[in-house]
Structure formats: structure tokens, C-alpha cells
$ cat run08.cif   # mmCIF, C-alpha atoms
data_query
loop_
_atom_site.label_atom_id
_atom_site.label_comp_id
_atom_site.auth_asym_id
_atom_site.auth_seq_id
_atom_site.Cartn_x
_atom_site.Cartn_y
_atom_site.Cartn_z
CA MET S 1387 0.00 0.00 0.00
CA ARG S 1388 1.24 3.47 -0.86
CA LEU S 1389 0.07 6.69 0.77
CA ILE S 1390 -1.46 9.07 -1.79
CA TYR S 1391 -3.30 11.53 0.48
CA HIS S 1392 -2.66 12.94 3.94
CA ASP S 1393 -4.35 15.96 5.55
CA ASP S 1394 -1.95 18.08 7.61
CA SER S 1395 -4.45 20.82 8.38
CA LYS S 1396 -5.12 21.79 12.00
CA LEU S 1397 -8.01 19.94 13.61
CA LEU S 1398 -10.62 22.22 15.14
CA SER S 1399 -11.53 21.42 18.71
CA TYR S 1400 -15.12 20.71 19.69
CA GLU S 1401 -15.15 23.89 21.76
CA GLU S 1402 -13.91 26.03 18.84
CA VAL S 1403 -16.60 24.71 16.51
CA TYR S 1404 -19.29 24.99 19.18
CA LYS S 1405 -18.45 28.63 19.99
CA ASP S 1406 -18.08 29.61 16.32
CA CYS S 1407 -21.48 28.07 15.54
CA GLN S 1408 -23.04 29.87 18.48
CA ARG S 1409 -21.67 33.18 17.20
CA GLY S 1410 -22.24 32.50 13.51
CA TYR S 1411 -25.73 31.06 13.69
CA GLY S 1412 -26.95 32.63 16.91
CA ILE S 1413 -27.96 29.20 18.21
CA LYS S 1414 -27.61 28.52 21.92
CA GLU S 1415 -26.87 24.78 21.50
CA PRO S 1416 -25.58 24.22 17.96
CA ASP S 1417 -24.64 20.61 18.71
CA LYS S 1418 -28.36 19.77 18.79
CA VAL S 1419 -28.82 20.85 15.17
CA SER S 1420 -28.69 18.08 12.58
CA GLY S 1421 -25.46 18.39 10.61
CA PHE S 1422 -23.34 19.84 13.41
CA MET S 1423 -20.91 16.91 13.24
CA GLY S 1424 -20.27 17.72 9.58
CA PHE S 1425 -17.97 20.51 10.80
CA PHE S 1426 -15.55 17.81 12.00
CA TYR S 1427 -15.48 15.98 8.66
CA ARG S 1428 -12.07 15.32 7.16
CA LEU S 1429 -10.59 12.64 4.98
CA PRO S 1430 -8.25 10.16 6.65
CA ASP S 1431 -5.07 8.93 5.00
CA ILE S 1432 -5.77 7.32 1.63
CA TYR S 1433 -3.63 4.55 0.18
CA VAL S 1434 -3.33 2.93 -3.24
CA TYR S 1435 -3.66 -0.84 -3.04
CA GLY S 1436 -2.96 -3.97 -5.08
CA LYS S 1437 -3.07 -3.90 -8.88
CA LEU S 1438 -3.70 -0.17 -8.93
CA GLU S 1439 -0.45 0.48 -7.06
CA GLN S 1440 1.44 -1.54 -9.69
CA TRP S 1441 -0.30 0.31 -12.51
CA MET S 1442 0.57 3.62 -10.90
CA ASP S 1443 4.25 2.61 -10.91
CA ASN S 1444 4.07 2.10 -14.67
CA ASN S 1445 1.87 5.03 -15.73
CA VAL S 1446 2.40 8.61 -14.53
CA LYS S 1447 -1.08 9.64 -15.72
CA ILE S 1448 -2.82 7.59 -13.00
CA GLU S 1449 -1.87 9.56 -9.88
CA PRO S 1450 -3.30 12.91 -11.09
CA GLU S 1451 -6.58 11.12 -11.90
CA LEU S 1452 -6.68 9.63 -8.39
CA GLN S 1453 -6.13 13.10 -6.92
CA LYS S 1454 -9.15 14.30 -8.94
CA PHE S 1455 -11.20 11.42 -7.49
CA ILE S 1456 -10.27 12.55 -3.97
CA GLU S 1457 -11.49 16.07 -4.80
CA ARG S 1458 -14.71 14.67 -6.26
CA PHE S 1459 -15.31 12.58 -3.15
CA TYR S 1460 -14.69 15.52 -0.86
CA HIS S 1461 -17.23 17.55 -2.83
CA GLU S 1462 -19.84 14.77 -2.46
CA ASP S 1463 -19.52 13.34 -5.98
CA TYR S 1464 -19.35 9.59 -5.39
CA GLY S 1465 -19.35 8.48 -9.01
CA PHE S 1466 -21.44 5.38 -9.60
CA VAL S 1467 -22.81 4.02 -6.31
CA THR S 1468 -26.06 2.44 -5.20
CA ARG S 1469 -28.72 4.62 -3.63
CA SER S 1470 -28.08 3.06 -0.20
CA GLU S 1471 -24.32 3.68 -0.53
CA SER S 1472 -24.95 7.31 -1.44
CA ASP S 1473 -27.30 7.70 1.53
CA LEU S 1474 -24.74 6.12 3.86
CA ASN S 1475 -21.98 8.43 2.54
CA LEU S 1476 -24.14 11.50 3.16
CA GLU S 1477 -25.37 10.35 6.58
CA ASN S 1478 -21.84 9.55 7.72
CA ARG S 1479 -20.60 12.94 6.60
CA TRP S 1480 -23.36 15.19 7.92
CA LEU S 1481 -24.63 13.25 10.93
CA CYS S 1482 -21.38 11.67 12.14
CA GLY S 1483 -18.61 13.79 10.59
CA SER S 1484 -17.05 10.53 9.40
CA THR S 1485 -15.97 8.61 6.30
CA ILE S 1486 -16.23 5.17 7.92
CA TRP S 1487 -17.64 2.62 5.41
CA ALA S 1488 -18.07 5.31 2.73
CA ILE S 1489 -17.49 4.23 -0.86
CA ALA S 1490 -17.18 5.78 -4.30
CA ARG S 1491 -16.54 4.37 -7.76
CA TYR S 1492 -15.01 6.27 -10.64
CA ASN S 1493 -13.92 5.93 -14.25
CA PHE S 1494 -10.75 7.56 -15.47
CA THR S 1495 -11.45 10.66 -17.55
CA ASP S 1496 -8.51 9.81 -19.83
CA GLU S 1497 -9.99 7.35 -22.35
CA ASN S 1498 -6.74 5.41 -22.70
CA LEU S 1499 -6.64 4.82 -18.93
CA SER S 1500 -10.35 4.00 -18.79
CA HIS S 1501 -10.13 1.41 -21.57
CA HIS S 1502 -6.93 -0.12 -20.26
CA TYR S 1503 -7.60 -0.20 -16.51
CA GLY S 1504 -11.38 -0.03 -15.97
CA GLY S 1505 -13.13 1.28 -12.86
CA ILE S 1506 -11.55 2.47 -9.64
CA VAL S 1507 -13.00 2.19 -6.13
CA LEU S 1508 -12.31 4.56 -3.24
CA GLU S 1509 -13.43 2.88 -0.03
CA PHE S 1510 -13.00 4.00 3.56
CA PHE S 1511 -12.57 1.74 6.55
CA ARG S 1512 -12.25 2.67 10.24
CA GLU S 1513 -8.86 4.36 10.09
CA TYR S 1514 -7.99 4.88 6.41
CA GLY S 1515 -9.18 4.89 2.81
CA LEU S 1516 -8.11 2.65 -0.07
CA PHE S 1517 -8.05 3.16 -3.80
CA TYR S 1518 -8.20 -0.13 -5.68
CA SER S 1519 -9.16 -1.61 -9.02
CA ILE S 1520 -12.75 -2.73 -9.34
CA GLU S 1521 -11.21 -6.10 -10.34
CA GLU S 1522 -9.28 -6.45 -7.06
CA ASP S 1523 -10.10 -9.36 -4.76
CA MET S 1524 -10.81 -7.54 -1.48
CA ARG S 1525 -11.93 -10.53 0.63
CA GLU S 1526 -8.79 -10.46 2.79
CA ILE S 1527 -9.16 -6.73 3.55
CA TYR S 1528 -12.89 -7.08 4.28
CA ALA S 1529 -12.33 -10.04 6.58
CA LYS S 1530 -9.74 -8.06 8.54
CA GLU S 1531 -11.69 -4.79 8.70
CA HIS S 1532 -14.99 -6.42 9.67
CA ASN S 1533 -13.44 -9.05 11.99
CA ASN S 1534 -15.35 -11.67 10.03
CA PRO S 1535 -13.72 -14.10 7.57
CA TYR S 1536 -17.09 -14.62 5.84
CA TYR S 1537 -18.00 -10.95 5.40
CA LYS S 1538 -19.33 -10.06 1.93
CA GLN S 1539 -19.90 -6.65 0.40
CA GLU S 1540 -23.28 -5.71 -1.06
CA LEU S 1541 -21.64 -5.65 -4.49
CA GLU S 1542 -18.90 -8.10 -5.38
CA TYR S 1543 -16.64 -7.28 -8.30
CA HIS S 1544 -14.33 -10.28 -8.32
CA ASN S 1545 -15.42 -13.91 -8.71
CA GLY S 1546 -11.97 -15.29 -7.78
#

$ encode --input "run08.cif" --output "C-alpha cells"
Amino acid sequence: MRLIYHDDSKLLSYEEVYKDCQRGYGIKEPDKVSGFMGFFYRLPDIYVYGKLEQWMDNNVKIEPELQKFIERFYHEDYGFVTRSESDLNLENRWLCGSTIWAIARYNFTDENLSHHYGGIVLEFFREYGLFYSIEEDMREIYAKEHNNPYYKQELEYHNG
């Protein structure tokens, strides 16, 4: 796994956000307003995994595309996801201030990359995010992250 994204910005404290919301919105208890936790939202470290990491070593055009996918995700563009995945992404962000279990799927905008490599998944676990090929066998990662060797995703990409 190779680190592709890390956020070095200063974390706001709960007290800072609370006081700023009180001043900015004129609300006595801003933490009781739906969406308050969204102020604490930030992306964790994101890594490139498996086949995609190898492809990135051999093609300099891939990394800039992955950076664009990170921007899209941050701006709530999740590519092609199911309705329930989109709902979960939005709920996690605005109700929990979290990326845990969020997922996005993208196609490369460069046609040569898209035809040669196919779809890319950006998936977040408890502590980090992973970029991987839609063709990647993720059973080992899922078993570890869910503490369940039989865990299956809603959508399976690999029949391995």
C-alpha cells in the first residue's frame, strides 16, 4: 500500500466549533442541530492498493486522476454508487462527521486509462481509505476490517 493523500491541516476542537457556531448562527446549542458533526469531517489517510499500485508505478497519468477522485469525493460526488451507498456516505458525513464505510466508484477521464484499466474504487474503513481496481479481490481486507472471515460486500466485483 502506498500513501497518496494525507491531511496536515489543523483539527478544530469541539469547543472552537461549538463557539463559532453559536456566534455565527446565533444558536444557543448548535450541537443539537442536525449536521453539526459535519464541521468535523475530514478525509483520513488514503492509500493505493494492489493492482492499482502496480499500474501507478508504470503510468504517470494515473496519480493525477486519483487526486481528482479525492477532490470529487470531498465535494460529495461519489461516481457510480447504489442509492443506499450514497445515503450512507451522506449520513456519515453530515450526521457523524465521518468517512467510515463510505465508498465511491469512478472511471478515469482519460480514455486510454479507462479502456486499459477499468473502474476504480475509493473505499473507507475505520482508520484509512483505499483506492483499488474494481477487479481487485478484497476478501482479505474485508475479513480483517470487519473481523469476520465470511463478510461479503453488497456488491462483489471479483469472482476469484

$ resolve_selection --input "run08.cif" --expression "the PyMOL selection byres ((chain S and resi 1485) around 12)" --output "PyMOL selection string"
chain S and resi 1423-1424+1426-1432+1459-1460+1462+1471-1472+1474-1484+1486-1490+1508-1516

$ atom_distance --input "run08.cif" --atom1 "CA of Tyr1464 in chain S" --atom2 "CA of Tyr1492 in chain S"
7.6 Å

$ closest_residue --input "run08.cif" --among "S:Val1434, S:Glu1522, S:Arg1469, S:Glu1497" --to "Leu1389 in chain S" --atoms "all atoms listed in the file"
S:Val1434

$ atom_distance --input "run08.cif" --atom1 "CA of Tyr1435 in chain S" --atom2 "CA of Val1507 in chain S"
10.3 Å

$ closest_residue --input "run08.cif" --among "S:Tyr1404, S:Tyr1537, S:Tyr1433, S:Phe1466" --to "Gly1505 in chain S" --atoms "only C-alpha atoms"
S:Phe1466

$ closest_residue --input "run08.cif" --among "S:Arg1458, S:Arg1491, S:His1501, S:Lys1437" --to "Asp1523 in chain S" --atoms "all atoms listed in the file"
S:Lys1437

$ closest_residue --input "run08.cif" --among "S:Lys1538, S:His1532, S:Lys1414, S:Arg1388" --to "Glu1439 in chain S" --atoms "only C-alpha atoms"
S:Arg1388

$ atom_distance --input "run08.cif" --atom1 "CA of Lys1447 in chain S" --atom2 "CA of Phe1517 in chain S"
15.3 Å

$ resolve_selection --input "run08.cif" --expression "the PyMOL selection byres ((chain S and resi 1519) around 6)" --output "ChimeraX atom specification"
/S:1438,1506,1518,1520-1522

$ residues_around --input "run08.cif" --residues "Leu1398 in chain S" --least-positions-apart "3" --cutoff "9 Å" --atoms "only C-alpha atoms" --output "number ranges by chain"
S: 1401-1403, 1425-1426

$ write_last_selection --input "run08.cif" --atoms "C-alpha atoms" --output "PDB file, in the coordinates of the input"
ATOM      1  CA  GLU S1401     -15.150  23.890  21.760  1.00  0.00           C
ATOM      2  CA  GLU S1402     -13.910  26.030  18.840  1.00  0.00           C
ATOM      3  CA  VAL S1403     -16.600  24.710  16.510  1.00  0.00           C
ATOM      4  CA  PHE S1425     -17.970  20.510  10.800  1.00  0.00           C
ATOM      5  CA  PHE S1426     -15.550  17.810  12.000  1.00  0.00           C
TER       6      PHE S1426
END

$ residues_around --input "run08.cif" --residues "Asp1496 in chain S" --least-positions-apart "5" --cutoff "12 Å" --atoms "all atoms listed in the file" --output "PyMOL selection string"
chain S and resi 1447-1452+1454+1501-1505

$ axis_aligned_box --input "run08.cif" --around "range 1480-1493 of chain S" --padding-each-side "4 Å" --output "AutoDock Vina command-line options"
--center_x -19.3 --center_y 8.9 --center_z -1.1 --size_x 18.7 --size_y 20.6 --size_z 34.4

$ resolve_selection --input "run08.cif" --expression "the PyMOL selection byres ((chain S and resi 1416-1419) around 10)" --output "list in words"
Tyr1400, Val1403, Tyr1404, Lys1405, Asp1406, Cys1407, Gln1408, Arg1409, Gly1410, Tyr1411, Gly1412, Ile1413, Lys1414, Glu1415, Ser1420, Gly1421, Phe1422, Met1423 and Leu1481 of chain S
